[in-house]
Amino acid sequence: MKPDSVLYEGKAKQICRSDTPGELMMRFKDDITAFDGKKHDVLEGKGRYNAQVSSFFFEYLEGRGIETHYIRMETPTVMVVREMEMIPLEVVVRNVAAGSMVRDYPVEEGTPLDPPVIFLHYKDDSRHDPMINDEVIITLGILPPEELDILKETALAVNMHLSAYLDECGITLVDLKMEFGRSDSTIYLADEISMDSMRLWDKKTGKSLDKDLYRFDKGDVIAGYATVVGRIAPEIPGGGR
Ligand code: C5P
């Protein structure tokens with residue numbers, strides 16, 4: 001992956017060209033940011049942990065009938081993915097009230113949400129990813145109603161599969177953010193599924209094992225991320241080390 005092949009550079013990932021048509025390379029960086037990039041650090045090993053967990057869960061979900069952009073890992077931090085048109089939405093599914101839901105609405109942190117609640121955001125850094133609803137999505141032509149239904153059903157299915165798996169690992173999936181893409185009229189789960197995009201609480205202690213460690217200086221970020229990798233380790237080469 002040559003530096004001149006970078007097509008897009010995000011806060012925590014680079015998207016690079018591949019020699020194979022229809023494929024892209026996604027490199028997980030050690031950079032970690034919060035609060036719209038106002039807080040920024042580089043934590044050695046973070047990219048590898050997020051890449052490992054993402055590849056593990058993409059393969060796990062593919063095995064359960066979810067279409068994802070994942071193709072294979074090229075190196076421990078570089079994922080080969082299917083090229084597609086990204087849908088500019090962040091789809092958050094919440095199982096337990098936390099984060100911005102507690103900040104913005106009258107609900108106590110830790111309140112179980114059953115059934116899970118979906119929050120949709122329009123992905124635009126310059127607008128700070130505002131909340132969006134079905135009517136606005138359809139009016140702006142971001143997605144037609146049928147595809148919006150598929151996207152929400154898929155997001156709930158992903159949440160169900162991941163919650164069940166993580167629960168077995170002693171981890172509560174509090175919430176997660178997903179992004180989707182489209183290719184040949186199929187909607188694929190894209191981006192990443194990692195400790196940067198999920199809120200994970202240790203079932204026994206209630207302690208954070210995700211990016212909240214970094215956002216709110218709650219403890220050793222890399223140790224938390226390593227704990228997650230270690231808990232799902234049997235299936236991950238080099239997991240937990
Ligand atoms: O901050 P908030 O409570 O809205 O976050 C909900 C979930 O979405 C969390 O798991 C958080 O890590 C994730 N998220 C994300 N990228 C964002 C905003 C939130 O991965 N830009």
# chains A, B, ... in the order shown; residues from 1 in each chain; ligands from 1
$ closest_atom_pairs --of "stretch 93-200 of chain A" --to "stretch 206-211 of chain A" --cutoff "12 Å" --atoms "only C-alpha atoms" --output "Markdown table"
| residue | atom | partner | partner_atom | distance |
| --- | --- | --- | --- | --- |
| A:Ala98 | CA | A:Ser208 | CA | 11.4 |
| A:Gly99 | CA | A:Lys211 | CA | 11.3 |
| A:Glu109 | CA | A:Gly206 | CA | 11.7 |
| A:Gly110 | CA | A:Gly206 | CA | 9.6 |
| A:Leu166 | CA | A:Leu209 | CA | 11.9 |
| A:Gly170 | CA | A:Gly206 | CA | 10.3 |
| A:Ile171 | CA | A:Leu209 | CA | 8.7 |
| A:Thr172 | CA | A:Gly206 | CA | 8.6 |
| A:Leu173 | CA | A:Leu209 | CA | 10.3 |
| A:Val174 | CA | A:Ser208 | CA | 10.0 |
| A:Asp175 | CA | A:Asp210 | CA | 10.8 |
| A:Leu176 | CA | A:Asp210 | CA | 10.7 |
| A:Ile193 | CA | A:Asp210 | CA | 11.5 |
| A:Ser194 | CA | A:Asp210 | CA | 8.4 |
| A:Met195 | CA | A:Asp210 | CA | 4.7 |
| A:Asp196 | CA | A:Lys211 | CA | 5.1 |
| A:Ser197 | CA | A:Lys211 | CA | 7.7 |
| A:Met198 | CA | A:Asp210 | CA | 6.8 |
| A:Arg199 | CA | A:Asp210 | CA | 5.7 |
| A:Leu200 | CA | A:Leu209 | CA | 5.4 |
$ write_last_selection --atoms "N, CA, C and O atoms" --output "PDB file, in the first residue's frame"
ATOM      1  N   ALA A  98     -27.123   5.311  27.550  1.00  0.00           N
ATOM      2  CA  ALA A  98     -25.789   5.819  27.904  1.00  0.00           C
ATOM      3  C   ALA A  98     -25.438   6.928  26.917  1.00  0.00           C
ATOM      4  O   ALA A  98     -26.192   7.202  25.980  1.00  0.00           O
ATOM      5  N   GLY A  99     -24.295   7.550  27.127  1.00  0.00           N
ATOM      6  CA  GLY A  99     -23.744   8.516  26.181  1.00  0.00           C
ATOM      7  C   GLY A  99     -24.685   9.663  25.873  1.00  0.00           C
ATOM      8  O   GLY A  99     -25.298  10.253  26.764  1.00  0.00           O
ATOM      9  N   GLU A 109     -28.616   6.782  33.029  1.00  0.00           N
ATOM     10  CA  GLU A 109     -27.607   5.870  32.474  1.00  0.00           C
ATOM     11  C   GLU A 109     -27.822   4.469  33.042  1.00  0.00           C
ATOM     12  O   GLU A 109     -28.091   4.314  34.237  1.00  0.00           O
ATOM     13  N   GLY A 110     -27.760   3.472  32.184  1.00  0.00           N
ATOM     14  CA  GLY A 110     -27.904   2.086  32.635  1.00  0.00           C
ATOM     15  C   GLY A 110     -29.315   1.542  32.491  1.00  0.00           C
ATOM     16  O   GLY A 110     -29.542   0.359  32.711  1.00  0.00           O
ATOM     17  N   LEU A 166     -21.249 -11.253  22.582  1.00  0.00           N
ATOM     18  CA  LEU A 166     -20.502 -10.530  23.622  1.00  0.00           C
ATOM     19  C   LEU A 166     -20.982 -10.915  25.020  1.00  0.00           C
ATOM     20  O   LEU A 166     -20.183 -11.003  25.955  1.00  0.00           O
ATOM     21  N   GLY A 170     -18.951 -12.229  28.611  1.00  0.00           N
ATOM     22  CA  GLY A 170     -19.013 -11.433  29.842  1.00  0.00           C
ATOM     23  C   GLY A 170     -19.041  -9.938  29.589  1.00  0.00           C
ATOM     24  O   GLY A 170     -18.630  -9.139  30.433  1.00  0.00           O
ATOM     25  N   ILE A 171     -19.524  -9.556  28.406  1.00  0.00           N
ATOM     26  CA  ILE A 171     -19.539  -8.133  28.026  1.00  0.00           C
ATOM     27  C   ILE A 171     -20.952  -7.725  27.611  1.00  0.00           C
ATOM     28  O   ILE A 171     -21.605  -8.426  26.829  1.00  0.00           O
ATOM     29  N   THR A 172     -21.427  -6.592  28.133  1.00  0.00           N
ATOM     30  CA  THR A 172     -22.719  -6.044  27.707  1.00  0.00           C
ATOM     31  C   THR A 172     -22.495  -5.109  26.527  1.00  0.00           C
ATOM     32  O   THR A 172     -21.698  -4.168  26.623  1.00  0.00           O
ATOM     33  N   LEU A 173     -23.214  -5.379  25.429  1.00  0.00           N
ATOM     34  CA  LEU A 173     -23.179  -4.436  24.300  1.00  0.00           C
ATOM     35  C   LEU A 173     -24.210  -3.349  24.616  1.00  0.00           C
ATOM     36  O   LEU A 173     -25.409  -3.547  24.456  1.00  0.00           O
ATOM     37  N   VAL A 174     -23.711  -2.217  25.079  1.00  0.00           N
ATOM     38  CA  VAL A 174     -24.588  -1.103  25.488  1.00  0.00           C
ATOM     39  C   VAL A 174     -25.175  -0.440  24.242  1.00  0.00           C
ATOM     40  O   VAL A 174     -26.383  -0.207  24.159  1.00  0.00           O
ATOM     41  N   ASP A 175     -24.313  -0.126  23.289  1.00  0.00           N
ATOM     42  CA  ASP A 175     -24.783   0.442  22.011  1.00  0.00           C
ATOM     43  C   ASP A 175     -23.689   0.260  20.964  1.00  0.00           C
ATOM     44  O   ASP A 175     -22.553  -0.096  21.292  1.00  0.00           O
ATOM     45  N   LEU A 176     -24.059   0.457  19.719  1.00  0.00           N
ATOM     46  CA  LEU A 176     -23.049   0.408  18.656  1.00  0.00           C
ATOM     47  C   LEU A 176     -23.475   1.282  17.498  1.00  0.00           C
ATOM     48  O   LEU A 176     -24.677   1.525  17.305  1.00  0.00           O
ATOM     49  N   ILE A 193     -16.375  -2.551  13.086  1.00  0.00           N
ATOM     50  CA  ILE A 193     -17.118  -2.927  14.300  1.00  0.00           C
ATOM     51  C   ILE A 193     -16.047  -3.114  15.355  1.00  0.00           C
ATOM     52  O   ILE A 193     -15.376  -4.152  15.384  1.00  0.00           O
ATOM     53  N   SER A 194     -15.837  -2.120  16.160  1.00  0.00           N
ATOM     54  CA  SER A 194     -14.666  -2.160  17.033  1.00  0.00           C
ATOM     55  C   SER A 194     -14.956  -1.471  18.361  1.00  0.00           C
ATOM     56  O   SER A 194     -16.063  -0.980  18.587  1.00  0.00           O
ATOM     57  N   MET A 195     -13.934  -1.392  19.186  1.00  0.00           N
ATOM     58  CA  MET A 195     -14.086  -0.720  20.481  1.00  0.00           C
ATOM     59  C   MET A 195     -14.240   0.792  20.304  1.00  0.00           C
ATOM     60  O   MET A 195     -14.610   1.495  21.229  1.00  0.00           O
ATOM     61  N   ASP A 196     -13.920   1.301  19.090  1.00  0.00           N
ATOM     62  CA  ASP A 196     -14.165   2.720  18.810  1.00  0.00           C
ATOM     63  C   ASP A 196     -15.631   2.967  18.468  1.00  0.00           C
ATOM     64  O   ASP A 196     -16.113   4.105  18.562  1.00  0.00           O
ATOM     65  N   SER A 197     -16.331   1.930  18.004  1.00  0.00           N
ATOM     66  CA  SER A 197     -17.696   2.152  17.513  1.00  0.00           C
ATOM     67  C   SER A 197     -18.766   1.456  18.359  1.00  0.00           C
ATOM     68  O   SER A 197     -19.955   1.568  18.075  1.00  0.00           O
ATOM     69  N   MET A 198     -18.329   0.696  19.377  1.00  0.00           N
ATOM     70  CA  MET A 198     -19.294   0.056  20.278  1.00  0.00           C
ATOM     71  C   MET A 198     -19.069   0.587  21.692  1.00  0.00           C
ATOM     72  O   MET A 198     -17.950   0.940  22.059  1.00  0.00           O
ATOM     73  N   ARG A 199     -20.122   0.582  22.494  1.00  0.00           N
ATOM     74  CA  ARG A 199     -19.959   0.887  23.923  1.00  0.00           C
ATOM     75  C   ARG A 199     -20.107  -0.449  24.650  1.00  0.00           C
ATOM     76  O   ARG A 199     -21.147  -1.118  24.530  1.00  0.00           O
ATOM     77  N   LEU A 200     -19.053  -0.850  25.349  1.00  0.00           N
ATOM     78  CA  LEU A 200     -18.978  -2.179  25.952  1.00  0.00           C
ATOM     79  C   LEU A 200     -18.719  -2.069  27.445  1.00  0.00           C
ATOM     80  O   LEU A 200     -17.777  -1.385  27.862  1.00  0.00           O
TER      81      LEU A 200
END
$ residues_around --residues "A:Ile15" --least-positions-apart "6" --cutoff "10 Å" --atoms "only C-alpha atoms" --output "list in words"
Ser5, Val6, Leu7, Tyr8, Glu9, Leu24, Met25, Met26, Arg27, Phe28, Val78, Met79, Val80 and Val81 of chain A
$ write_last_selection --atoms "N, CA and C atoms" --output "PDB file, in the first residue's frame"
ATOM      1  N   SER A   5      -1.435   6.024  -2.783  1.00  0.00           N
ATOM      2  CA  SER A   5      -2.664   5.325  -3.129  1.00  0.00           C
ATOM      3  C   SER A   5      -3.798   5.644  -2.160  1.00  0.00           C
ATOM      4  N   VAL A   6      -3.558   6.572  -1.216  1.00  0.00           N
ATOM      5  CA  VAL A   6      -4.605   6.910  -0.245  1.00  0.00           C
ATOM      6  C   VAL A   6      -5.723   7.690  -0.937  1.00  0.00           C
ATOM      7  N   LEU A   7      -6.939   7.159  -0.865  1.00  0.00           N
ATOM      8  CA  LEU A   7      -8.095   7.815  -1.490  1.00  0.00           C
ATOM      9  C   LEU A   7      -8.806   8.720  -0.501  1.00  0.00           C
ATOM     10  N   TYR A   8      -8.765   8.304   0.777  1.00  0.00           N
ATOM     11  CA  TYR A   8      -9.480   9.051   1.804  1.00  0.00           C
ATOM     12  C   TYR A   8      -8.770   8.817   3.126  1.00  0.00           C
ATOM     13  N   GLU A   9      -8.595   9.882   3.862  1.00  0.00           N
ATOM     14  CA  GLU A   9      -7.954   9.738   5.177  1.00  0.00           C
ATOM     15  C   GLU A   9      -8.934  10.222   6.231  1.00  0.00           C
ATOM     16  N   LEU A  24     -10.951  -2.354  -2.119  1.00  0.00           N
ATOM     17  CA  LEU A  24     -10.207  -1.257  -1.493  1.00  0.00           C
ATOM     18  C   LEU A  24      -9.489  -1.815  -0.271  1.00  0.00           C
ATOM     19  N   MET A  25      -8.492  -1.075   0.196  1.00  0.00           N
ATOM     20  CA  MET A  25      -7.770  -1.462   1.417  1.00  0.00           C
ATOM     21  C   MET A  25      -8.126  -0.460   2.513  1.00  0.00           C
ATOM     22  N   MET A  26      -8.468  -0.976   3.673  1.00  0.00           N
ATOM     23  CA  MET A  26      -8.797  -0.096   4.801  1.00  0.00           C
ATOM     24  C   MET A  26      -7.740  -0.301   5.884  1.00  0.00           C
ATOM     25  N   ARG A  27      -6.975   0.753   6.159  1.00  0.00           N
ATOM     26  CA  ARG A  27      -5.914   0.626   7.174  1.00  0.00           C
ATOM     27  C   ARG A  27      -6.363   1.248   8.491  1.00  0.00           C
ATOM     28  N   PHE A  28      -6.311   0.463   9.536  1.00  0.00           N
ATOM     29  CA  PHE A  28      -6.706   0.935  10.869  1.00  0.00           C
ATOM     30  C   PHE A  28      -5.509   1.636  11.504  1.00  0.00           C
ATOM     31  N   VAL A  78      -4.512  -4.061   8.016  1.00  0.00           N
ATOM     32  CA  VAL A  78      -5.086  -3.693   6.710  1.00  0.00           C
ATOM     33  C   VAL A  78      -6.139  -4.717   6.278  1.00  0.00           C
ATOM     34  N   MET A  79      -7.358  -4.225   6.103  1.00  0.00           N
ATOM     35  CA  MET A  79      -8.488  -5.072   5.716  1.00  0.00           C
ATOM     36  C   MET A  79      -8.811  -4.814   4.240  1.00  0.00           C
ATOM     37  N   VAL A  80      -9.001  -5.865   3.486  1.00  0.00           N
ATOM     38  CA  VAL A  80      -9.439  -5.727   2.093  1.00  0.00           C
ATOM     39  C   VAL A  80     -10.964  -5.741   2.108  1.00  0.00           C
ATOM     40  N   VAL A  81     -11.552  -4.706   1.500  1.00  0.00           N
ATOM     41  CA  VAL A  81     -13.018  -4.586   1.528  1.00  0.00           C
ATOM     42  C   VAL A  81     -13.559  -4.363   0.118  1.00  0.00           C
TER      43      VAL A  81
END
$ atom_distance --atom1 "atom CA of A:Thr68" --atom2 "atom CA of A:Glu147"
15.6 Å
$ closest_residue --among "A:Asp36, A:Asp220, A:Glu108, A:Asp114" --to "ligand 1" --atoms "only C-alpha atoms and all ligand atoms"
A:Asp36
$ closest_residue --among "A:Val53, A:Val96, A:Ala157, A:Leu43" --to "ligand 1" --atoms "only C-alpha atoms and all ligand atoms"
A:Val96
$ decode --residues "stretch 55-71 of chain A" --atoms "N, CA and C atoms" --output "CSV table (one decimal), in the first residue's frame"
chain,number,residue,atom,x,y,z
A,55,SER,N,-12.5,-7.7,12.0
A,55,SER,CA,-12.5,-8.8,11.1
A,55,SER,C,-13.2,-10.0,11.7
A,56,PHE,N,-13.0,-10.2,13.0
A,56,PHE,CA,-13.6,-11.3,13.7
A,56,PHE,C,-15.2,-11.2,13.5
A,57,PHE,N,-15.7,-10.0,13.8
A,57,PHE,CA,-17.1,-9.8,13.8
A,57,PHE,C,-17.7,-9.8,12.4
A,58,PHE,N,-17.0,-9.2,11.4
A,58,PHE,CA,-17.5,-9.3,10.1
A,58,PHE,C,-17.6,-10.8,9.6
A,59,GLU,N,-16.6,-11.6,9.9
A,59,GLU,CA,-16.7,-13.0,9.5
A,59,GLU,C,-17.8,-13.7,10.3
A,60,TYR,N,-18.0,-13.4,11.6
A,60,TYR,CA,-19.0,-13.9,12.4
A,60,TYR,C,-20.4,-13.6,11.8
A,61,LEU,N,-20.6,-12.3,11.4
A,61,LEU,CA,-21.9,-11.9,10.9
A,61,LEU,C,-22.1,-12.5,9.5
A,62,GLU,N,-21.1,-12.6,8.7
A,62,GLU,CA,-21.3,-13.2,7.4
A,62,GLU,C,-21.8,-14.6,7.5
A,63,GLY,N,-21.3,-15.3,8.6
A,63,GLY,CA,-21.7,-16.7,8.9
A,63,GLY,C,-23.2,-16.7,9.3
A,64,ARG,N,-23.7,-15.6,9.7
A,64,ARG,CA,-25.1,-15.5,10.1
A,64,ARG,C,-26.0,-14.8,9.1
A,65,GLY,N,-25.5,-14.8,7.8
A,65,GLY,CA,-26.4,-14.2,6.7
A,65,GLY,C,-26.4,-12.7,6.6
A,66,ILE,N,-25.5,-12.0,7.3
A,66,ILE,CA,-25.4,-10.5,7.1
A,66,ILE,C,-24.4,-10.2,6.0
A,67,GLU,N,-24.8,-9.4,5.0
A,67,GLU,CA,-23.9,-9.0,3.9
A,67,GLU,C,-23.0,-7.9,4.5
A,68,THR,N,-21.7,-8.1,4.4
A,68,THR,CA,-20.7,-7.1,4.8
A,68,THR,C,-19.7,-6.8,3.7
A,69,HIS,N,-19.0,-5.7,3.9
A,69,HIS,CA,-18.0,-5.3,2.9
A,69,HIS,C,-16.7,-6.1,3.0
A,70,TYR,N,-16.6,-6.9,4.1
A,70,TYR,CA,-15.3,-7.6,4.4
A,70,TYR,C,-14.9,-8.6,3.4
A,71,ILE,N,-13.7,-8.6,3.0
A,71,ILE,CA,-13.2,-9.7,2.1
A,71,ILE,C,-12.1,-10.5,2.8
